[in-house]
Structures are given as C-alpha cells and as structure tokens.
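Chemist: This is start_17.csv (CSV, C-alpha atoms).
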chain,number,residue,atom,x,y,z
A,1,MET,CA,-22.2,2.6,10.7
A,2,VAL,CA,-24.8,5.3,11.3
A,3,LEU,CA,-28.3,3.9,11.6
A,4,PRO,CA,-31.0,5.7,13.5
A,5,GLY,CA,-33.2,4.1,16.1
A,6,THR,CA,-30.9,1.2,17.0
A,7,SER,CA,-29.6,2.3,20.4
A,8,HIS,CA,-31.4,2.9,23.7
A,9,SER,CA,-28.4,3.5,26.0
A,10,PRO,CA,-28.9,6.3,28.5
A,11,ASP,CA,-25.2,7.2,28.6
A,12,LEU,CA,-25.3,9.9,25.9
A,13,ALA,CA,-27.1,13.2,26.2
A,14,ILE,CA,-27.3,15.3,23.0
A,15,ALA,CA,-27.3,19.0,23.4
A,16,PRO,CA,-30.1,20.8,21.5
A,17,ASP,CA,-27.5,23.0,19.7
A,18,ASP,CA,-25.3,20.0,18.7
A,19,LEU,CA,-24.6,20.3,15.0
A,20,ARG,CA,-22.3,17.3,14.9
A,21,GLN,CA,-21.5,16.6,11.2
A,22,LEU,CA,-22.1,20.3,10.5
A,23,ALA,CA,-19.4,21.5,12.8
A,24,ASP,CA,-17.4,24.5,11.5
A,25,HIS,CA,-14.0,23.6,9.9
A,26,ASP,CA,-11.7,25.1,7.3
A,27,ALA,CA,-11.1,21.9,5.3
A,28,SER,CA,-11.6,22.3,1.6
A,29,PRO,CA,-13.6,19.9,-0.7
A,30,ARG,CA,-11.4,17.8,-2.9
A,31,THR,CA,-11.8,15.0,-5.4
A,32,LEU,CA,-9.4,12.1,-5.2
A,33,PRO,CA,-9.0,9.3,-7.7
A,34,GLY,CA,-10.6,6.0,-6.9
A,35,ARG,CA,-10.5,2.7,-8.8
A,36,ALA,CA,-14.2,2.9,-9.5
A,37,GLY,CA,-14.6,6.6,-9.8
A,38,PRO,CA,-13.8,9.9,-8.0
A,39,LEU,CA,-13.8,10.0,-4.2
A,40,ALA,CA,-15.1,13.1,-2.5
A,41,ALA,CA,-12.9,14.3,0.4
A,42,LEU,CA,-12.4,17.1,2.9
A,43,ASP,CA,-8.7,18.2,3.1
A,44,THR,CA,-7.3,20.5,5.7
A,45,GLY,CA,-4.2,21.1,3.6
A,46,GLY,CA,-0.9,22.3,4.9
A,47,ASP,CA,2.4,20.7,5.3
A,48,GLY,CA,1.3,18.5,8.2
A,49,PRO,CA,4.4,19.0,10.5
A,50,SER,CA,2.7,16.7,13.1
A,51,GLY,CA,1.7,14.1,10.6
A,52,THR,CA,-0.8,13.2,7.9
A,53,VAL,CA,-4.1,11.5,8.7
A,54,LEU,CA,-6.5,9.7,6.5
A,55,LEU,CA,-10.0,9.1,7.9
A,56,VAL,CA,-12.5,6.5,6.5
A,57,ALA,CA,-16.2,6.7,7.2
A,58,GLY,CA,-18.4,3.8,8.2
A,59,TYR,CA,-21.6,2.3,6.7
A,60,THR,CA,-24.1,5.0,5.6
A,61,GLY,CA,-21.6,7.5,6.9
A,62,SER,CA,-19.4,10.2,5.2
A,63,LYS,CA,-16.4,12.4,5.6
A,64,GLU,CA,-18.6,14.8,7.6
A,65,ASP,CA,-18.6,12.3,10.5
A,66,PHE,CA,-15.2,13.6,11.4
A,67,ALA,CA,-16.1,17.3,11.1
A,68,PRO,CA,-15.6,18.2,14.8
A,69,LEU,CA,-12.1,16.8,14.6
A,70,LEU,CA,-10.9,18.7,11.5
A,71,ALA,CA,-10.2,22.2,12.8
A,72,PRO,CA,-8.5,21.1,16.1
A,73,LEU,CA,-6.3,18.5,14.3
A,74,ALA,CA,-5.3,21.1,11.7
A,75,ALA,CA,-4.5,23.6,14.6
A,76,GLY,CA,-2.3,20.9,16.1
A,77,GLY,CA,-0.2,20.6,12.9
A,78,TYR,CA,-1.9,17.7,11.3
A,79,ARG,CA,-2.8,17.5,7.6
A,80,VAL,CA,-6.2,15.6,7.6
A,81,VAL,CA,-8.1,14.1,4.7
A,82,ALA,CA,-11.5,12.5,5.3
A,83,ILE,CA,-13.2,10.6,2.5
A,84,ASP,CA,-16.5,9.3,1.4
A,85,GLN,CA,-16.0,5.8,0.3
A,86,ARG,CA,-17.4,4.8,-3.2
A,87,GLY,CA,-21.2,5.0,-3.2
A,88,GLN,CA,-21.3,7.1,-0.1
A,89,TYR,CA,-22.8,10.6,-0.2
A,90,GLU,CA,-20.8,12.7,-2.7
A,91,SER,CA,-18.7,9.8,-4.1
A,92,PRO,CA,-20.4,8.0,-7.0
A,93,GLY,CA,-20.3,4.2,-7.1
A,94,PRO,CA,-20.9,1.3,-9.4
A,95,ASP,CA,-24.2,-0.4,-9.8
A,96,ASP,CA,-22.8,-3.8,-8.9
A,97,PRO,CA,-23.0,-4.8,-5.2
A,98,GLY,CA,-19.9,-6.9,-5.7
A,99,ALA,CA,-17.9,-3.7,-6.2
A,100,TYR,CA,-18.3,-2.9,-2.5
A,101,SER,CA,-16.4,-5.8,-1.0
A,102,VAL,CA,-14.0,-5.0,1.7
A,103,ALA,CA,-11.1,-5.8,-0.6
A,104,GLU,CA,-12.4,-3.4,-3.3
A,105,LEU,CA,-12.9,-0.6,-0.9
A,106,ALA,CA,-9.6,-1.2,0.7
A,107,ALA,CA,-7.9,-0.8,-2.7
A,108,ASP,CA,-9.3,2.7,-2.9
A,109,VAL,CA,-7.9,3.5,0.5
A,110,VAL,CA,-4.4,2.2,-0.4
A,111,ASP,CA,-4.4,4.4,-3.6
A,112,VAL,CA,-5.3,7.5,-1.6
A,113,ALA,CA,-2.6,6.7,1.0
A,114,HIS,CA,0.0,6.5,-1.8
A,115,LEU,CA,-1.1,9.9,-3.1
A,116,LEU,CA,-0.9,11.5,0.4
A,117,ARG,CA,2.5,9.9,1.0
A,118,GLU,CA,3.8,11.8,-2.1
A,119,GLU,CA,2.2,15.0,-0.9
A,120,THR,CA,3.0,15.2,2.8
A,121,GLY,CA,4.1,11.9,4.1
A,122,THR,CA,2.9,8.4,5.1
A,123,PRO,CA,-0.5,8.8,6.7
A,124,HIS,CA,-1.9,7.6,10.0
A,125,LEU,CA,-5.1,5.7,9.0
A,126,LEU,CA,-8.3,5.7,11.0
A,127,GLY,CA,-11.4,3.7,10.1
A,128,HIS,CA,-14.8,4.1,11.8
A,129,SER,CA,-17.1,1.1,12.2
A,130,PHE,CA,-17.3,-0.6,8.8
A,131,GLY,CA,-14.6,1.8,7.7
A,132,GLY,CA,-12.4,0.0,10.3
A,133,LEU,CA,-12.8,-3.3,8.5
A,134,VAL,CA,-11.9,-1.6,5.3
A,135,ALA,CA,-8.9,0.2,6.9
A,136,ARG,CA,-7.7,-3.1,8.3
A,137,ALA,CA,-7.8,-4.7,4.9
A,138,ALA,CA,-5.9,-1.7,3.4
A,139,VAL,CA,-3.2,-2.2,6.0
A,140,LEU,CA,-3.0,-5.9,5.3
A,141,ALA,CA,-2.8,-5.3,1.6
A,142,ASP,CA,0.0,-2.7,1.9
A,143,PRO,CA,1.4,-2.2,5.5
A,144,GLU,CA,4.1,0.1,4.2
A,145,ALA,CA,1.5,2.6,3.0
A,146,PHE,CA,0.5,3.6,6.6
A,147,ARG,CA,2.2,4.9,9.7
A,148,SER,CA,-0.4,3.5,12.1
A,149,LEU,CA,-4.0,2.2,12.2
A,150,THR,CA,-6.8,3.3,14.5
A,151,LEU,CA,-9.9,1.1,14.7
A,152,LEU,CA,-12.7,3.4,16.0
A,153,GLY,CA,-15.9,1.6,17.0
A,154,SER,CA,-14.9,-1.4,14.8
A,155,GLY,CA,-14.6,-5.1,15.6
A,156,PRO,CA,-12.6,-8.2,14.9
A,157,SER,CA,-15.0,-9.8,12.4
A,158,ARG,CA,-18.5,-9.6,11.0
A,159,LEU,CA,-21.2,-7.5,12.7
A,160,VAL,CA,-23.7,-9.4,14.8
A,161,GLY,CA,-26.5,-8.4,17.1
A,162,PRO,CA,-29.4,-5.9,16.6
A,163,ARG,CA,-27.7,-3.8,14.0
A,164,ALA,CA,-26.9,-6.9,11.9
A,165,ASP,CA,-30.5,-8.0,12.3
A,166,LEU,CA,-31.6,-4.7,11.0
A,167,LEU,CA,-29.4,-5.1,7.9
A,168,GLU,CA,-31.1,-8.4,7.1
A,169,HIS,CA,-34.2,-6.4,6.1
A,170,LEU,CA,-32.3,-4.0,4.0
A,171,GLY,CA,-32.1,-6.1,0.8
A,172,PRO,CA,-35.9,-6.7,0.5
A,173,LEU,CA,-36.6,-3.0,1.2
A,174,LEU,CA,-34.1,-2.0,-1.5
A,175,GLU,CA,-35.8,-4.4,-4.0
A,176,ARG,CA,-39.3,-3.1,-3.2
A,177,GLY,CA,-38.7,0.7,-3.0
A,178,GLY,CA,-35.0,1.5,-3.4
A,179,VAL,CA,-33.1,3.9,-1.2
A,180,GLN,CA,-36.2,6.0,-0.6
A,181,LEU,CA,-38.1,3.2,1.1
A,182,VAL,CA,-35.1,2.2,3.2
A,183,HIS,CA,-34.8,5.8,4.3
A,184,ALA,CA,-38.5,6.1,5.1
A,185,THR,CA,-38.4,2.9,7.2
A,186,LEU,CA,-35.4,4.1,9.2
A,187,GLU,CA,-37.1,7.5,9.8
A,188,GLN,CA,-40.0,5.6,11.3
A,189,LEU,CA,-37.6,3.7,13.5
A,190,ALA,CA,-36.0,6.9,14.6
A,191,MET,CA,-39.3,8.2,15.9
A,192,THR,CA,-39.0,5.6,18.7
A,193,ASP,CA,-35.6,7.0,19.8
A,194,GLU,CA,-35.9,10.0,22.2
A,195,ARG,CA,-32.3,11.1,21.4
A,196,ALA,CA,-33.1,11.3,17.7
A,197,GLN,CA,-35.8,13.8,18.4
A,198,VAL,CA,-33.6,16.4,20.0
A,199,VAL,CA,-31.0,16.4,17.2
A,200,PRO,CA,-31.5,19.8,15.4
A,201,GLU,CA,-33.6,19.8,12.3
A,202,VAL,CA,-30.7,21.1,10.2
A,203,THR,CA,-28.6,18.1,11.2
A,204,ARG,CA,-31.5,15.7,10.6
A,205,ALA,CA,-31.9,17.3,7.1
A,206,PHE,CA,-28.3,16.6,6.4
A,207,TYR,CA,-28.7,12.9,7.5
A,208,ALA,CA,-31.6,12.6,5.1
A,209,ARG,CA,-29.8,14.3,2.2
A,210,ARG,CA,-26.7,12.1,2.7
A,211,PHE,CA,-28.6,8.8,3.0
A,212,LEU,CA,-30.8,9.5,-0.1
A,213,ALA,CA,-27.6,10.2,-2.1
A,214,SER,CA,-26.3,6.7,-1.2
A,215,ALA,CA,-25.8,4.2,-4.1
A,216,ALA,CA,-28.4,1.4,-3.7
A,217,ALA,CA,-25.8,-1.2,-4.8
A,218,GLY,CA,-23.4,0.3,-2.2
A,219,LEU,CA,-25.9,-0.1,0.6
A,220,ARG,CA,-26.5,-3.7,-0.3
A,221,GLY,CA,-22.9,-4.6,-1.1
A,222,MET,CA,-21.4,-3.0,2.1
A,223,ALA,CA,-24.1,-4.6,4.2
A,224,ASP,CA,-23.2,-8.0,2.8
A,225,ALA,CA,-19.5,-7.3,3.4
A,226,MET,CA,-20.0,-6.1,6.9
A,227,THR,CA,-22.0,-9.2,7.9
A,228,SER,CA,-19.6,-11.7,6.4
A,229,GLU,CA,-16.2,-10.3,7.2
A,230,PRO,CA,-13.9,-13.0,8.8
A,231,ASP,CA,-11.7,-12.6,11.8
A,232,ARG,CA,-8.4,-11.2,10.6
A,233,VAL,CA,-7.0,-10.1,14.0
A,234,ALA,CA,-4.1,-12.5,13.9
A,235,GLU,CA,-3.1,-11.3,10.4
A,236,LEU,CA,-3.2,-7.7,11.6
A,237,ALA,CA,-1.1,-8.5,14.7
A,238,ALA,CA,1.5,-10.1,12.4
A,239,ALA,CA,1.7,-7.0,10.2
A,240,GLY,CA,3.5,-5.2,13.0
A,241,ILE,CA,1.9,-1.8,12.5
A,242,PRO,CA,1.0,0.3,15.6
A,243,VAL,CA,-2.7,-0.1,16.3
A,244,LEU,CA,-5.1,1.9,18.5
A,245,VAL,CA,-8.5,0.3,19.4
A,246,ALA,CA,-10.9,3.0,20.6
A,247,HIS,CA,-14.7,3.0,21.1
A,248,GLY,CA,-17.5,4.6,23.0
A,249,ALA,CA,-18.3,3.3,26.5
A,250,ALA,CA,-21.8,2.3,25.3
A,251,ASP,CA,-21.0,1.1,21.8
A,252,ASP,CA,-24.0,-0.8,20.4
A,253,ALA,CA,-22.5,-2.2,17.2
A,254,TRP,CA,-19.5,-4.3,18.1
A,255,THR,CA,-19.6,-4.6,21.9
A,256,PRO,CA,-17.1,-2.9,24.1
A,257,ALA,CA,-16.1,-6.4,25.4
A,258,ALA,CA,-15.4,-7.6,21.9
A,259,GLN,CA,-13.3,-4.6,21.1
A,260,ALA,CA,-11.4,-4.9,24.3
A,261,GLU,CA,-10.6,-8.5,23.5
A,262,MET,CA,-9.5,-7.6,20.0
A,263,ALA,CA,-7.1,-5.0,21.5
A,264,ARG,CA,-5.7,-7.7,23.8
A,265,ARG,CA,-5.2,-10.1,20.9
A,266,LEU,CA,-3.4,-7.3,18.9
A,267,GLY,CA,-1.3,-6.1,21.8
A,268,ALA,CA,-2.8,-2.7,20.9
A,269,ARG,CA,-3.4,0.5,22.8
A,270,HIS,CA,-7.0,0.4,24.0
A,271,GLU,CA,-9.1,3.5,24.9
A,272,VAL,CA,-12.7,3.7,26.1
A,273,ILE,CA,-14.4,7.0,25.3
A,274,ALA,CA,-16.9,8.1,27.9
A,275,GLY,CA,-20.1,9.9,26.8
A,276,ALA,CA,-20.1,8.1,23.5
A,277,ILE,CA,-22.0,5.3,21.9
A,278,HIS,CA,-20.9,4.3,18.3
A,279,SER,CA,-19.7,7.6,16.9
A,280,PRO,CA,-17.2,9.1,19.3
A,281,ALA,CA,-15.9,11.7,16.8
A,282,VAL,CA,-19.2,13.5,17.0
A,283,GLU,CA,-20.5,12.3,20.3
A,284,ASN,CA,-17.4,13.3,22.4
A,285,PRO,CA,-15.0,15.0,20.0
A,286,SER,CA,-12.8,16.5,22.7
A,287,ARG,CA,-12.0,13.2,24.3
A,288,THR,CA,-11.7,11.5,20.9
A,289,LEU,CA,-9.2,14.2,19.9
A,290,GLU,CA,-7.2,13.6,23.0
A,291,VAL,CA,-7.1,9.9,22.5
A,292,LEU,CA,-6.0,10.2,18.9
A,293,THR,CA,-3.3,12.8,19.3
A,294,THR,CA,-1.8,11.1,22.3
A,295,PHE,CA,-1.4,7.9,20.3
A,296,TRP,CA,0.0,9.6,17.2
A,297,SER,CA,2.4,11.9,19.1
A,298,ALA,CA,3.8,8.9,21.0
A,299,LEU,CA,4.6,7.3,17.7
A,300,SER,CA,6.4,10.5,16.6
A,301,ASP,CA,8.3,10.5,19.8
A,302,ASP,CA,9.4,6.9,19.3
A,303,ALA,CA,10.7,7.8,15.8
A,304,ARG,CA,13.0,10.4,17.1
How does the structure come out when it is put into structure tokens?
Modeler:
Amino acid sequence: MVLPGTSHSPDLAIAPDDLRQLADHDASPRTLPGRAGPLAALDTGGDGPSGTVLLVAGYTGSKEDFAPLLAPLAAGGYRVVAIDQRGQYESPGPDDPGAYSVAELAADVVDVAHLLREETGTPHLLGHSFGGLVARAAVLADPEAFRSLTLLGSGPSRLVGPRADLLEHLGPLLERGGVQLVHATLEQLAMTDERAQVVPEVTRAFYARRFLASAAAGLRGMADAMTSEPDRVAELAAAGIPVLVAHGAADDAWTPAAQAEMARRLGARHEVIAGAIHSPAVENPSRTLEVLTTFWSALSDDAR
C-alpha cells in the first residue's frame, strides 16, 4: 500500500535524486489477459535461466513499484513480470467494488502464473503489502502454479492501525468527490511529511498521475478487502510452499512484530530490511535484491 503522509519514522533518508519508481530498466510494456479485462505489465523477457518471477503490487501501487529490481534481476538471469492489478494505474477495472475482493484479484494472478509457466516455467510469486494478501490467496487457490511465495511488507490478516484508520475516510471522500478529492486530501496530508517534500518533482508527478488513473471502485473494493481479510496463516503453512517473509525495519503498515510472528507460524525464512519502511523495493533495492535472490537461489540449489 502506498499512501503519503502516514509515516513519521526517522529511519529512512530519501536522496534528492532518488527517482524510485522511475528507475531505468529494459523491461517492455505488455498486456496480459485478466478475468475482468487486460492487465498492464512490465516484462524483462528472456529465457529466465535462473527462474521466472511474478511481482504483484499493493494498494494504490503499480508495477513500477518494482522498477529498481527489474534490471539487476534480469542481469542475474531471471525473467521478471510485474503487473498492475485490475483497476490500478494502466489496468482498467470494473465499476463494481465487489469485483476487487481478494479472491477475484487472486484469480487474475493464478491465470497470469499459468501463462508464464507455459512460456518460461513455474514462477516465484511476490506480493507487496495488499498484494501479499492477494498472492497468498492465489497460492491457496492453486499451490502448484507457483515455485515459492514472498510476502513483502504484508501481514497475517486484515490491516489495522493508522493506515487502516485512514482508509475509513476513503469511502465518504469517494462518494463526495471521487478519486480527485481523495488525491487532493492525500496531497494535503503529504505536506506534513518532511520526507515527501524531498522526493523529486518528477517522481511526485508520477504518483499523482498513477493515483488519478485508479478506478474508484477499485480503491473502495480493495480497501474493504484489505481491512476485512481473515487470518489464513495456518492454511498457507499447510500448503507446503516455500515462503519468505520480508519487510522494512520500520514498517508502518503491518508491524515488524506481527510479520515476525507470521514467519514463525509459517516456519518461513524471515528477513528484516534495514533502511526501509513499507516499500523496500524502492527504499533499499540493493538489500531487497540480495534477500530475494538468496531465497530463490537456495530453492534452485535444493532442486538439484
């Protein structure tokens, strides 16, 4: 989930030239079939000798949230596909909030995984934040469709705390003024966040363009889904798929303690990423890359 103005941790310093989601990469735009319409994607292509990876963005996020990882993963032999979920940025979505349940979104992910398996092999799956809840549901729906699951800044059940409190106001704002009013309100909140003010203007313009492209029904439906998701950790543990739980040291969505406890219950690998809050792929991409490739390569070694 990417919401401005919701964190005041001092543990992350943003460089003035940090372009984050606008990081250079050679991935090509691609449209993939989704059950409710086309899904926009970035695809690094290639044969993926090291493996195939499917990346799922979180609430108000997009495929560009993984931009800093794309080129180095491709250089390491991975074929990487990052998607906008339905209703996010460049993926259109239905006008019904009910079409954005975790189960509906997970079905899209399963379909994409089946396609990638035909092209270059069974993918490793990574879900960021709300995308982690969706990715978990995809694995539970079809465990054989995935090589592994990484939960990045995601939790065991529904979101609680300050970010969830903020989402309670989203519905009334959408009803009063649509996506435009929600965006204007979040921009006002961002004015109170010192870190938001040092993000380059070109990056802030991208955030605005992306948010304003969001489907109103998607914002409402995903918010409802994220704040009502049950605890499915036991189900995931029983699925038997290798799992990595990773998060920023100062995560302000699901707490680091909650994610550590989830990893313990899963018997999963657990990694804390220093210098990151809730979006390690853009806040500390080098360490995130190391954490991911160590996990994936160990699975490849075990298969030999």
Chemist: Enter the distance from CA of Ala196 in chain A to CA of Ala215 in chain A, in Å, rounded to one decimal.
Modeler: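 The value is 24.1 Å.
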Chemist: One decimal, Å: what's the distance from CA of Ala27 in chain A over to CA of Tyr100 in chain A, could you say?
Modeler: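 Going from CA of Ala27 in chain A over to CA of Tyr100 in chain A covers 27.0 Å.
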Chemist: Between A:Gly61, A:Ser50, A:Val102, A:Arg147, which one has atoms that come closest to Gly77 in chain A, using only C-alpha atoms?
Modeler: A:Ser50
Chemist: Skip Leu212 in chain A itself and residues of its chain fewer than 4 positions away, then list as a PyMOL selection string all residues within 9 Å of it, counting only C-alpha atoms.
Modeler: chain A and resi 89+179-180+183+207-208
Chemist: Write out the residues from the selection above, keeping C-alpha atoms, as an mmCIF file, keeping the file's coordinate frame.
Modeler:
data_model
loop_
_atom_site.group_PDB
_atom_site.id
_atom_site.type_symbol
_atom_site.label_atom_id
_atom_site.label_comp_id
_atom_site.auth_asym_id
_atom_site.auth_seq_id
_atom_site.Cartn_x
_atom_site.Cartn_y
_atom_site.Cartn_z
ATOM 1 C CA TYR A 89 -22.800 10.600 -0.200
ATOM 2 C CA VAL A 179 -33.100 3.900 -1.200
ATOM 3 C CA GLN A 180 -36.200 6.000 -0.600
ATOM 4 C CA HIS A 183 -34.800 5.800 4.300
ATOM 5 C CA TYR A 207 -28.700 12.900 7.500
ATOM 6 C CA ALA A 208 -31.600 12.600 5.100
#
Chemist: So which residues touch Ser157 in chain A within 6 Å, counting only C-alpha atoms, skipping near sequence neighbours fewer than 5 positions away, as number ranges by chain?
Modeler: A: 229-231
Chemist: Check the smallest atom-to-atom distance from each of A:Glu271, A:Arg79, A:Ser129, A:Ser286 to Leu159 in chain A using only C-alpha atoms, then report the winner.
Modeler: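 With only C-alpha atoms as the atom set, the closest residue is A:Ser129.
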